[in-house]
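Notes for the one structure printed next.
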Amino acid sequence: MDLFISILSGVCMALGGILLISGAVGVLRFSDFYNRLHAAGVTDTLAASLILFGLMLLSEHSGILLKLILILLFVLLTSPTASHALAKAAWKAGLKPDTSNDKPGQ
Amino acid sequence: MAKQIFARHTVSVIFTLAVIWGANSWNWDPLLIAFGVLSVLLVAWICHRMDVIDHESQPFHLTLRLPAYYAWLIKQIVLSNIDVVKRVWRSDSSSSAVLARLPVEQSTDVGRVIYANSVNLTPGTLVVELSNTQMLVHALTQESITELQQGEMSRKVTELEG
């Protein structure tokens with residue numbers, strides 16, 4: 001049972017790590033500011049959740065488990081708000097998204 | 001009646017703060033518990049002075065319906081994450097982004113915030129502007145916009161609002 005939980009937690013954290021890298025690569029590869037925010041969203045949501053979930057499986061102490069749950073809740077509540085604030089600031093500053101269908105990335 | 005509702009929200013603020021203190025301290029010394037009680041009461045009093053103890057800061061009318069919504073939302077988050085990650089690793093990085101105005105049908109502020117937050121939580125869609133009746137959404141693809149226009153998420157949030 002212990003072995004099973006360690007493996008499951010390892011898989012979760014590895015997947016989370018892959019998603020973190022994908023998010024970072026996306027931020028570099030996507031063409032304009034708004035597209036890059038979408039890539040950053042991958043890191044904010046599933047990657048962070050998977051890593052925290054993997055850590056929750058390993059926590060042998062319920063105090064640590066509760067703290068990890070609180071961290072997850074706060075991340076899930078604040079990260080969409082932060083990306084909205086960024087997008088809104090860019091929009092108000094007059095940055096227009098690149099919405100043409102066939103423009104190559106820069 | 002108003003007083004009763006007020007008391008319920010105060011109890012809920014104190015309970016939430018106590019749980020957060022307990023979870024983060026996890027130390028049951030009498031001294032630390034006393035500090036905890038003092039802090040909780042101080043913060044509850046400050047919240048009361050700031051007049052922020054109401055149904056918005058304590059939306060417990062949503063509590064029972066939230067788990068089902070979260071389960072559905074997690075599925076959506078996983079699906080859209082996979083989609084965005086595929087786009088990240090695809091060899092051509094051309095942009096097919098779309099900007100669209102969508103109606104917002106929720107009647108309360110809490111409902112609108114939950115809807116906009118859910119749209120932001122699913123990668124590939126991002127709320128740029130939000131007003132009482134509509135929102136401006138930036139999406140990586142036309143498909144995500146079409147999916148939002150079909151309104152499943154909006155309907156679920158409206159149900160959650162009750």
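Quick note on naming: the chains in the structure tokens go A, B, ... in the order shown, residues restart at 1 in each chain, and ligands are numbered from 1 in order of appearance.
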Restrict the distance test to only C-alpha atoms, flag each residue of chain A within 9 Å of chain B, and return the flagged residues as a ChimeraX atom specification.
/A:19,22-23,25-27,29-32,34-35,37-42,44-46,62-67,70,76-77,79-81,83-91,97-106
Determine, counting only C-alpha atoms, which protein, DNA and RNA residues have an atom within 9 Å of an atom of B:Leu17; residues of the same chain fewer than 2 positions away are not included. Present the result as a ChimeraX atom specification.
/B:12-15,19-22,39-40,43-44
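Here atom CA of A:Ser59 and atom CA of B:Gln76 stand 27.4 Å from one another.
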Contacts of stretch 146-157 of chain B at 9 Å (only C-alpha atoms; same-chain gap of 5+ positions) as an mmCIF file with C-alpha atoms, in the first residue's frame:
```
data_model
loop_
_atom_site.group_PDB
_atom_site.id
_atom_site.type_symbol
_atom_site.label_atom_id
_atom_site.label_comp_id
_atom_site.auth_asym_id
_atom_site.auth_seq_id
_atom_site.Cartn_x
_atom_site.Cartn_y
_atom_site.Cartn_z
ATOM 1 C CA TYR B 69 -19.585 21.933 -9.695
ATOM 2 C CA LEU B 73 -14.833 22.029 -13.460
ATOM 3 C CA LEU B 102 -20.220 36.712 -24.672
ATOM 4 C CA PRO B 103 -23.353 37.360 -22.618
ATOM 5 C CA VAL B 104 -23.195 36.955 -18.833
ATOM 6 C CA GLU B 105 -26.526 35.755 -17.495
ATOM 7 C CA GLN B 106 -25.776 35.363 -13.791
ATOM 8 C CA GLY B 111 -22.226 34.188 -9.698
ATOM 9 C CA ARG B 112 -20.525 36.419 -12.253
ATOM 10 C CA ILE B 114 -17.468 32.339 -10.271
ATOM 11 C CA TYR B 115 -18.280 32.216 -13.992
ATOM 12 C CA SER B 118 -14.002 29.352 -14.140
ATOM 13 C CA VAL B 119 -13.434 30.654 -17.665
ATOM 14 C CA GLY B 162 -29.675 28.965 -7.077
#
```
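Neighbours of A:Ile51 closer than or equal to 10 Å, with only C-alpha atoms counted and sequence neighbours fewer than 4 positions away skipped, come out as Ser9, Gly10, Val11, Cys12, Met13, Ala14, Leu15, Gly16, Gly17, Leu19, Leu20, Leu46, Ala47, Leu55, Met56 and Leu72 of chain A.
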Keeping C-alpha atoms for every residue in the selection just given, could you write it to a file as a CSV table (one decimal), in the first residue's frame?
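This went into again_30.csv:
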```
chain,number,residue,atom,x,y,z
A,9,SER,CA,2.6,10.5,-5.8
A,10,GLY,CA,5.7,10.2,-8.0
A,11,VAL,CA,3.6,9.9,-11.1
A,12,CYS,CA,1.5,13.0,-10.1
A,13,MET,CA,4.6,15.1,-9.4
A,14,ALA,CA,6.4,13.9,-12.6
A,15,LEU,CA,3.3,14.8,-14.7
A,16,GLY,CA,3.1,18.2,-12.9
A,17,GLY,CA,6.8,18.8,-13.7
A,19,LEU,CA,3.2,20.4,-17.4
A,20,LEU,CA,5.3,23.1,-15.8
A,46,LEU,CA,-3.1,21.6,-13.5
A,47,ALA,CA,0.6,21.6,-13.0
A,55,LEU,CA,2.7,16.1,-2.0
A,56,MET,CA,-0.6,15.5,-0.2
A,72,LEU,CA,-4.2,24.6,-3.4
```
Per DSSP on the backbone, what are the strand (DSSP E) residues of stretch 17-109 of chain B, as a VMD selection string?
chain B and resid 98 to 103
Selection above as a file: N, CA and C atoms, as a PDB file, in the first residue's frame:
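Produced file selection.pdb, reproduced below:
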```
ATOM      1  N   VAL B  98      -8.874  34.133 -31.012  1.00  0.00           N
ATOM      2  CA  VAL B  98     -10.157  34.766 -31.299  1.00  0.00           C
ATOM      3  C   VAL B  98     -10.542  35.639 -30.113  1.00  0.00           C
ATOM      4  N   LEU B  99     -11.170  36.763 -30.434  1.00  0.00           N
ATOM      5  CA  LEU B  99     -11.669  37.643 -29.385  1.00  0.00           C
ATOM      6  C   LEU B  99     -13.177  37.722 -29.561  1.00  0.00           C
ATOM      7  N   ALA B 100     -13.945  37.490 -28.502  1.00  0.00           N
ATOM      8  CA  ALA B 100     -15.403  37.503 -28.675  1.00  0.00           C
ATOM      9  C   ALA B 100     -16.079  38.072 -27.450  1.00  0.00           C
ATOM     10  N   ARG B 101     -17.232  38.706 -27.677  1.00  0.00           N
ATOM     11  CA  ARG B 101     -18.044  39.166 -26.546  1.00  0.00           C
ATOM     12  C   ARG B 101     -19.123  38.137 -26.279  1.00  0.00           C
ATOM     13  N   LEU B 102     -19.223  37.723 -25.028  1.00  0.00           N
ATOM     14  CA  LEU B 102     -20.220  36.712 -24.672  1.00  0.00           C
ATOM     15  C   LEU B 102     -21.160  37.299 -23.626  1.00  0.00           C
ATOM     16  N   PRO B 103     -22.425  36.863 -23.631  1.00  0.00           N
ATOM     17  CA  PRO B 103     -23.353  37.360 -22.618  1.00  0.00           C
ATOM     18  C   PRO B 103     -23.062  36.730 -21.254  1.00  0.00           C
TER      19      PRO B 103
END
```
